[in-house]
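Below: model05.cif (mmCIF, C-alpha atoms and all ligand atoms)
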```
data_data
loop_
_atom_site.label_atom_id
_atom_site.label_comp_id
_atom_site.auth_asym_id
_atom_site.auth_seq_id
_atom_site.Cartn_x
_atom_site.Cartn_y
_atom_site.Cartn_z
CA MET A 1 -41.37 44.49 38.24
CA ARG A 2 -41.54 40.90 39.39
CA ASP A 3 -44.82 39.59 40.63
CA MET A 4 -43.88 37.91 43.87
CA LYS A 5 -47.00 35.76 43.79
CA HIS A 6 -45.63 34.03 40.68
CA ASP A 7 -42.47 33.12 42.56
CA GLU A 8 -44.22 31.48 45.47
CA ARG A 9 -43.74 27.75 45.49
CA SER A 10 -46.10 25.32 47.04
CA ARG A 11 -45.60 21.72 48.01
CA ILE A 12 -47.74 19.40 45.95
CA ALA A 13 -48.23 15.65 46.13
CA PHE A 14 -50.03 13.18 43.95
CA ALA A 15 -50.00 9.52 43.00
CA LEU A 16 -47.75 8.93 40.00
CA ASN A 17 -48.31 5.48 38.55
CA GLY A 18 -49.51 4.33 41.95
CA ARG A 19 -46.64 5.80 43.93
CA LEU A 20 -46.88 8.98 45.99
CA VAL A 21 -44.59 11.74 44.73
CA SER A 22 -44.17 15.27 45.98
CA GLY A 23 -42.19 18.37 45.22
CA ASP A 24 -42.23 22.14 45.06
CA ALA A 25 -44.00 23.87 42.18
CA GLU A 26 -44.47 27.49 41.24
CA PRO A 27 -48.12 28.29 40.48
CA ARG A 28 -47.39 28.50 36.75
CA MET A 29 -45.23 25.37 36.49
CA LEU A 30 -46.54 22.95 33.87
CA LEU A 31 -47.28 19.36 34.81
CA THR A 32 -44.85 18.22 32.11
CA ASP A 33 -42.04 20.22 33.71
CA PHE A 34 -42.91 18.88 37.15
CA LEU A 35 -42.95 15.30 35.86
CA ARG A 36 -39.70 15.58 33.94
CA ASN A 37 -37.65 17.99 36.05
CA VAL A 38 -38.91 17.58 39.60
CA VAL A 39 -39.74 13.88 39.88
CA GLY A 40 -37.61 12.60 36.99
CA ALA A 41 -40.39 10.93 34.99
CA THR A 42 -38.94 11.69 31.56
CA GLY A 43 -41.10 9.24 29.59
CA THR A 44 -43.58 12.05 28.97
CA HIS A 45 -42.29 14.12 26.08
CA VAL A 46 -42.61 17.83 25.39
CA GLY A 47 -42.94 19.20 21.87
CA CYS A 48 -45.03 22.21 21.00
CA GLU A 49 -45.99 23.20 24.57
CA HIS A 50 -49.26 24.66 23.37
CA GLY A 51 -51.60 21.72 23.03
CA VAL A 52 -51.12 20.81 19.38
CA CYS A 53 -48.77 17.84 19.06
CA GLY A 54 -50.10 15.57 21.81
CA CYS A 55 -46.77 14.04 22.79
CA CYS A 56 -47.21 15.25 26.38
CA THR A 57 -50.46 13.33 26.93
CA VAL A 58 -50.86 11.74 30.37
CA LEU A 59 -53.86 10.52 32.30
CA ILE A 60 -55.31 12.30 35.30
CA ASP A 61 -57.76 10.11 37.18
CA GLY A 62 -57.88 7.94 34.05
CA ILE A 63 -58.67 10.72 31.59
CA ALA A 64 -56.20 11.78 28.90
CA VAL A 65 -55.03 15.37 29.24
CA ARG A 66 -52.33 17.51 27.70
CA GLY A 67 -49.54 17.74 30.24
CA CYS A 68 -48.40 21.00 28.67
CA LEU A 69 -51.82 22.60 29.22
CA THR A 70 -52.10 21.40 32.81
CA LEU A 71 -50.53 23.16 35.74
CA ALA A 72 -48.61 20.98 38.16
CA VAL A 73 -50.72 22.28 41.04
CA GLN A 74 -53.82 20.91 39.30
CA ALA A 75 -52.48 17.39 39.88
CA GLU A 76 -52.49 17.84 43.65
CA GLY A 77 -54.20 14.86 45.27
CA ARG A 78 -55.00 13.22 41.92
CA ALA A 79 -53.82 10.03 40.23
CA VAL A 80 -51.45 10.73 37.34
CA THR A 81 -50.58 7.94 34.94
CA THR A 82 -47.71 8.17 32.47
CA VAL A 83 -46.16 5.93 29.85
CA GLU A 84 -43.83 4.51 32.52
CA SER A 85 -46.83 2.65 33.94
CA LEU A 86 -47.52 0.55 30.87
CA ALA A 87 -44.78 -2.08 30.90
CA ALA A 88 -44.45 -4.58 33.73
CA ALA A 89 -41.75 -4.09 36.34
CA ASP A 90 -39.51 -6.56 34.51
CA GLY A 91 -39.83 -4.54 31.30
CA THR A 92 -42.39 -6.78 29.60
CA LEU A 93 -44.41 -4.60 27.24
CA ASN A 94 -48.18 -4.53 27.52
CA THR A 95 -50.44 -5.55 24.66
CA LEU A 96 -50.70 -2.09 23.14
CA GLN A 97 -46.95 -1.53 23.32
CA ARG A 98 -46.28 -4.94 21.76
CA ALA A 99 -48.70 -4.14 18.96
CA PHE A 100 -46.82 -0.88 18.30
CA GLN A 101 -43.59 -2.85 18.15
CA GLU A 102 -45.01 -5.54 15.86
CA HIS A 103 -46.73 -3.12 13.46
CA HIS A 104 -43.84 -0.65 13.19
CA ALA A 105 -46.00 2.07 14.72
CA LEU A 106 -43.00 4.16 15.71
CA GLN A 107 -39.74 5.27 14.27
CA CYS A 108 -38.06 8.02 16.32
CA GLY A 109 -40.57 7.40 19.11
CA PHE A 110 -40.96 11.03 20.09
CA CYS A 111 -44.73 11.03 19.65
CA THR A 112 -45.21 7.52 21.02
CA PRO A 113 -45.70 8.09 24.78
CA GLY A 114 -48.54 10.53 24.17
CA ILE A 115 -50.23 8.30 21.60
CA LEU A 116 -49.97 5.27 23.87
CA MET A 117 -51.57 7.21 26.73
CA SER A 118 -54.38 8.57 24.55
CA PHE A 119 -55.26 5.06 23.44
CA THR A 120 -54.89 3.67 26.96
CA ASP A 121 -57.72 6.00 27.91
CA TYR A 122 -59.67 5.55 24.69
CA LEU A 123 -59.57 1.74 24.57
CA ALA A 124 -60.80 1.61 28.15
CA ARG A 125 -63.92 3.47 27.01
CA ASN A 126 -64.24 2.01 23.50
CA PRO A 127 -62.59 -1.43 23.45
CA HIS A 128 -63.34 -2.18 19.79
CA PRO A 129 -62.85 1.01 17.80
CA THR A 130 -63.25 1.27 14.05
CA GLU A 131 -60.43 2.53 11.89
CA ASP A 132 -62.23 5.85 11.54
CA GLU A 133 -62.53 6.17 15.31
CA ILE A 134 -58.82 5.41 15.71
CA ARG A 135 -57.95 8.04 13.11
CA ASP A 136 -60.21 10.50 14.93
CA VAL A 137 -58.22 9.99 18.14
CA LEU A 138 -54.98 10.29 16.16
CA SER A 139 -56.11 13.67 14.85
CA GLY A 140 -55.00 14.98 18.24
CA HIS A 141 -51.44 13.78 17.71
CA LEU A 142 -48.64 14.70 15.36
CA CYS A 143 -46.23 12.05 14.15
CA ARG A 144 -43.57 13.21 11.72
CA CYS A 145 -42.23 9.74 10.93
CA THR A 146 -44.76 6.99 10.40
CA GLY A 147 -47.54 8.31 8.19
CA TYR A 148 -49.89 6.93 10.86
CA ALA A 149 -50.75 3.70 9.00
CA GLY A 150 -48.70 1.55 11.36
CA ILE A 151 -50.26 3.22 14.39
CA VAL A 152 -53.78 2.52 13.12
CA ALA A 153 -52.83 -1.09 12.42
CA ALA A 154 -51.31 -1.48 15.88
CA VAL A 155 -54.34 -0.12 17.72
CA LEU A 156 -56.66 -2.29 15.63
CA ALA A 157 -54.53 -5.34 16.38
CA ALA A 158 -54.40 -4.57 20.10
CA SER A 159 -58.16 -4.12 20.28
CA ARG A 160 -58.82 -7.33 18.37
CA GLY A 161 -56.29 -9.29 20.37
CA GLY A 162 -58.05 -8.92 23.68
CA ALA A 163 -56.26 -5.76 24.63
CA ALA A 164 -59.51 -3.97 25.12
CA GLY A 165 -59.89 -2.14 28.36
CA SER A 166 -56.84 -2.99 30.39
CA THR A 167 -54.39 -3.09 27.48
CA LYS A 168 -52.27 -5.28 29.76
S1 LIG A 201 -46.22 19.43 24.08
FE1 LIG A 201 -48.26 19.33 24.76
S2 LIG A 201 -49.45 19.22 22.98
FE2 LIG A 201 -47.42 19.48 22.24
S1 LIG A 202 -42.36 8.15 15.46
FE1 LIG A 202 -41.23 9.98 15.10
S2 LIG A 202 -42.68 11.54 15.47
FE2 LIG A 202 -43.87 9.72 15.58
#
```
File written out as structure tokens:
Amino acid sequence: MRDMKHDERSRIAFALNGRLVSGDAEPRMLLTDFLRNVVGATGTHVGCEHGVCGCCTVLIDGIAVRGCLTLAVQAEGRAVTTVESLAAADGTLNTLQRAFQEHHALQCGFCTPGILMSFTDYLARNPHPTEDEIRDVLSGHLCRCTGYAGIVAAVLAASRGGAAGSTK
């Protein structure tokens, strides 16, 4: 028998990359599904959908969270930041993104949005991480292509190149 409560939709609104967005969400709808399917922000990727791979990582009020472990309704009234926020409006990449490009830190790119968002949060709190600290953050992400060495090099380069904090 269907549980009617699970079918009830509610209107939610939050700031997405500084712009107010709104839409209808069932109570159990994941934030990733709301971002991708309701408001069309497809930069956030979905892999395992149970908190393991990290590719769905977004920021809520500046803190990195798994979009696949967050209900859309939990974003109500909050500030959500996704990979779409990183480059300038004209497409110019930010320092961290440029470092990824220069150090071959991605191949297929599927894991990249989540990793970029994790380090956007992390570098704001620890602007000059060690390699071990970078690898510790990366332990929350799966990348099937790069072997991680390029990602470590990119984050180190971004943090040494004045990217600390803003990563802009
Ligand atoms: S899709 Fe969220 S952790 Fe894998
Ligand atoms: S670049 Fe392909 S999974 Fe990381």
Can you write out as JSON lines which residues of chain A fall within 12 Å of ligand LIG 202 (chain A), alongside each residue's closest atom pair and its distance in Å to one decimal, counting only C-alpha atoms and all ligand atoms and ordering rows by chain and ascending residue number?
```
{"residue": "A:His45", "atom": "CA", "partner": "A:LIG202", "partner_atom": "S2", "distance": 10.9}
{"residue": "A:Val46", "atom": "CA", "partner": "A:LIG202", "partner_atom": "S2", "distance": 11.7}
{"residue": "A:Gly47", "atom": "CA", "partner": "A:LIG202", "partner_atom": "S2", "distance": 10.0}
{"residue": "A:Cys53", "atom": "CA", "partner": "A:LIG202", "partner_atom": "S2", "distance": 9.5}
{"residue": "A:Gly54", "atom": "CA", "partner": "A:LIG202", "partner_atom": "S2", "distance": 10.6}
{"residue": "A:Cys55", "atom": "CA", "partner": "A:LIG202", "partner_atom": "S2", "distance": 8.7}
{"residue": "A:Phe100", "atom": "CA", "partner": "A:LIG202", "partner_atom": "S1", "distance": 10.5}
{"residue": "A:Gln101", "atom": "CA", "partner": "A:LIG202", "partner_atom": "S1", "distance": 11.4}
{"residue": "A:His104", "atom": "CA", "partner": "A:LIG202", "partner_atom": "S1", "distance": 9.2}
{"residue": "A:Ala105", "atom": "CA", "partner": "A:LIG202", "partner_atom": "S1", "distance": 7.1}
{"residue": "A:Leu106", "atom": "CA", "partner": "A:LIG202", "partner_atom": "S1", "distance": 4.0}
{"residue": "A:Gln107", "atom": "CA", "partner": "A:LIG202", "partner_atom": "S1", "distance": 4.1}
{"residue": "A:Cys108", "atom": "CA", "partner": "A:LIG202", "partner_atom": "FE1", "distance": 3.9}
{"residue": "A:Gly109", "atom": "CA", "partner": "A:LIG202", "partner_atom": "S1", "distance": 4.1}
{"residue": "A:Phe110", "atom": "CA", "partner": "A:LIG202", "partner_atom": "S2", "distance": 5.0}
{"residue": "A:Cys111", "atom": "CA", "partner": "A:LIG202", "partner_atom": "FE2", "distance": 4.4}
{"residue": "A:Thr112", "atom": "CA", "partner": "A:LIG202", "partner_atom": "FE2", "distance": 6.0}
{"residue": "A:Pro113", "atom": "CA", "partner": "A:LIG202", "partner_atom": "FE2", "distance": 9.5}
{"residue": "A:Gly114", "atom": "CA", "partner": "A:LIG202", "partner_atom": "FE2", "distance": 9.8}
{"residue": "A:Ile115", "atom": "CA", "partner": "A:LIG202", "partner_atom": "FE2", "distance": 8.9}
{"residue": "A:Leu116", "atom": "CA", "partner": "A:LIG202", "partner_atom": "FE2", "distance": 11.2}
{"residue": "A:Leu138", "atom": "CA", "partner": "A:LIG202", "partner_atom": "FE2", "distance": 11.1}
{"residue": "A:His141", "atom": "CA", "partner": "A:LIG202", "partner_atom": "FE2", "distance": 8.9}
{"residue": "A:Leu142", "atom": "CA", "partner": "A:LIG202", "partner_atom": "S2", "distance": 6.7}
{"residue": "A:Cys143", "atom": "CA", "partner": "A:LIG202", "partner_atom": "FE2", "distance": 3.6}
{"residue": "A:Arg144", "atom": "CA", "partner": "A:LIG202", "partner_atom": "S2", "distance": 4.2}
{"residue": "A:Cys145", "atom": "CA", "partner": "A:LIG202", "partner_atom": "FE1", "distance": 4.3}
{"residue": "A:Thr146", "atom": "CA", "partner": "A:LIG202", "partner_atom": "S1", "distance": 5.7}
{"residue": "A:Gly147", "atom": "CA", "partner": "A:LIG202", "partner_atom": "FE2", "distance": 8.4}
{"residue": "A:Tyr148", "atom": "CA", "partner": "A:LIG202", "partner_atom": "FE2", "distance": 8.1}
{"residue": "A:Ala149", "atom": "CA", "partner": "A:LIG202", "partner_atom": "FE2", "distance": 11.3}
{"residue": "A:Gly150", "atom": "CA", "partner": "A:LIG202", "partner_atom": "S1", "distance": 10.0}
{"residue": "A:Ile151", "atom": "CA", "partner": "A:LIG202", "partner_atom": "FE2", "distance": 9.2}
```
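Interatomic distance, atom CA of A:Glu8 against atom CA of A:Glu26: 5.8 Å.
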- prompt: Of the candidates A:His50, A:Arg78, A:Arg19, A:Arg160, which one gets nearest to ligand LIG 201 (chain A) if we count all atoms listed in the file?
  reply: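 The closest residue to ligand LIG 201 (chain A) is A:His50.
Note that the spacing between atom CA of A:Phe119 and atom CA of A:Phe34 amounts to 23.1 Å.
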query: Within 12 Å of A:Val155, counting all atoms listed in the file, which residues qualify if same-chain residues fewer than 2 places away don't, as a PyMOL selection string?
result: chain A and resi 95-105+115-120+122-123+126-135+137-138+148-153+157-164+167
Preceding selection exported with C-alpha atoms as a JSON list (two decimals), in the coordinates of the input:
```
[["chain", "number", "residue", "atom", "x", "y", "z"],
["A", 95, "THR", "CA", -50.44, -5.55, 24.66],
["A", 96, "LEU", "CA", -50.70, -2.09, 23.14],
["A", 97, "GLN", "CA", -46.95, -1.53, 23.32],
["A", 98, "ARG", "CA", -46.28, -4.94, 21.76],
["A", 99, "ALA", "CA", -48.70, -4.14, 18.96],
["A", 100, "PHE", "CA", -46.82, -0.88, 18.30],
["A", 101, "GLN", "CA", -43.59, -2.85, 18.15],
["A", 102, "GLU", "CA", -45.01, -5.54, 15.86],
["A", 103, "HIS", "CA", -46.73, -3.12, 13.46],
["A", 104, "HIS", "CA", -43.84, -0.65, 13.19],
["A", 105, "ALA", "CA", -46.00, 2.07, 14.72],
["A", 115, "ILE", "CA", -50.23, 8.30, 21.60],
["A", 116, "LEU", "CA", -49.97, 5.27, 23.87],
["A", 117, "MET", "CA", -51.57, 7.21, 26.73],
["A", 118, "SER", "CA", -54.38, 8.57, 24.55],
["A", 119, "PHE", "CA", -55.26, 5.06, 23.44],
["A", 120, "THR", "CA", -54.89, 3.67, 26.96],
["A", 122, "TYR", "CA", -59.67, 5.55, 24.69],
["A", 123, "LEU", "CA", -59.57, 1.74, 24.57],
["A", 126, "ASN", "CA", -64.24, 2.01, 23.50],
["A", 127, "PRO", "CA", -62.59, -1.43, 23.45],
["A", 128, "HIS", "CA", -63.34, -2.18, 19.79],
["A", 129, "PRO", "CA", -62.85, 1.01, 17.80],
["A", 130, "THR", "CA", -63.25, 1.27, 14.05],
["A", 131, "GLU", "CA", -60.43, 2.53, 11.89],
["A", 132, "ASP", "CA", -62.23, 5.85, 11.54],
["A", 133, "GLU", "CA", -62.53, 6.17, 15.31],
["A", 134, "ILE", "CA", -58.82, 5.41, 15.71],
["A", 135, "ARG", "CA", -57.95, 8.04, 13.11],
["A", 137, "VAL", "CA", -58.22, 9.99, 18.14],
["A", 138, "LEU", "CA", -54.98, 10.29, 16.16],
["A", 148, "TYR", "CA", -49.89, 6.93, 10.86],
["A", 149, "ALA", "CA", -50.75, 3.70, 9.00],
["A", 150, "GLY", "CA", -48.70, 1.55, 11.36],
["A", 151, "ILE", "CA", -50.26, 3.22, 14.39],
["A", 152, "VAL", "CA", -53.78, 2.52, 13.12],
["A", 153, "ALA", "CA", -52.83, -1.09, 12.42],
["A", 157, "ALA", "CA", -54.53, -5.34, 16.38],
["A", 158, "ALA", "CA", -54.40, -4.57, 20.10],
["A", 159, "SER", "CA", -58.16, -4.12, 20.28],
["A", 160, "ARG", "CA", -58.82, -7.33, 18.37],
["A", 161, "GLY", "CA", -56.29, -9.29, 20.37],
["A", 162, "GLY", "CA", -58.05, -8.92, 23.68],
["A", 163, "ALA", "CA", -56.26, -5.76, 24.63],
["A", 164, "ALA", "CA", -59.51, -3.97, 25.12],
["A", 167, "THR", "CA", -54.39, -3.09, 27.48]]
```
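Restricting the calculation to all atoms listed in the file, the smallest distance between A:Ile63 and any of A:Val21, A:Cys48, A:Leu16, A:Val80 is found for A:Val80.
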message: Nearest residue to ligand LIG 201 (chain A) out of A:Val73, A:Cys56, A:Ala64, A:Ala124, using all atoms listed in the file?
response: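 Closest to ligand LIG 201 (chain A), using all atoms listed in the file: A:Cys56.
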query: Quick one, how far is atom CA of A:Gly23 from atom CA of A:Ala89?
result: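 So the answer is 24.2 Å.
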message: Give me the residues near A:Glu84 as a ChimeraX atom specification, where near means some atom within 10 Å (using only C-alpha atoms) and where sequence neighbours in that chain fewer than 4 positions away do not count.
response: /A:16-17,41-44,88-89,91,113
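With distances taken over all atoms listed in the file, A:Glu49 is the one residue among A:Asp136, A:Asp24, A:Glu49, A:Asp90 lying closest to ligand LIG 201 (chain A).
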message: Considering all atoms listed in the file, can you say which of A:Cys68, A:Ala15, A:Val39, A:Leu20 comes closest to ligand LIG 201 (chain A)?
response: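 Of all the options, A:Cys68 lies closest to ligand LIG 201 (chain A).
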query: Which is closest to ligand LIG 201 (chain A) among A:Gly140, A:Gly62, A:Gly51, A:Gly77, if we use all atoms listed in the file?
result: A:Gly51
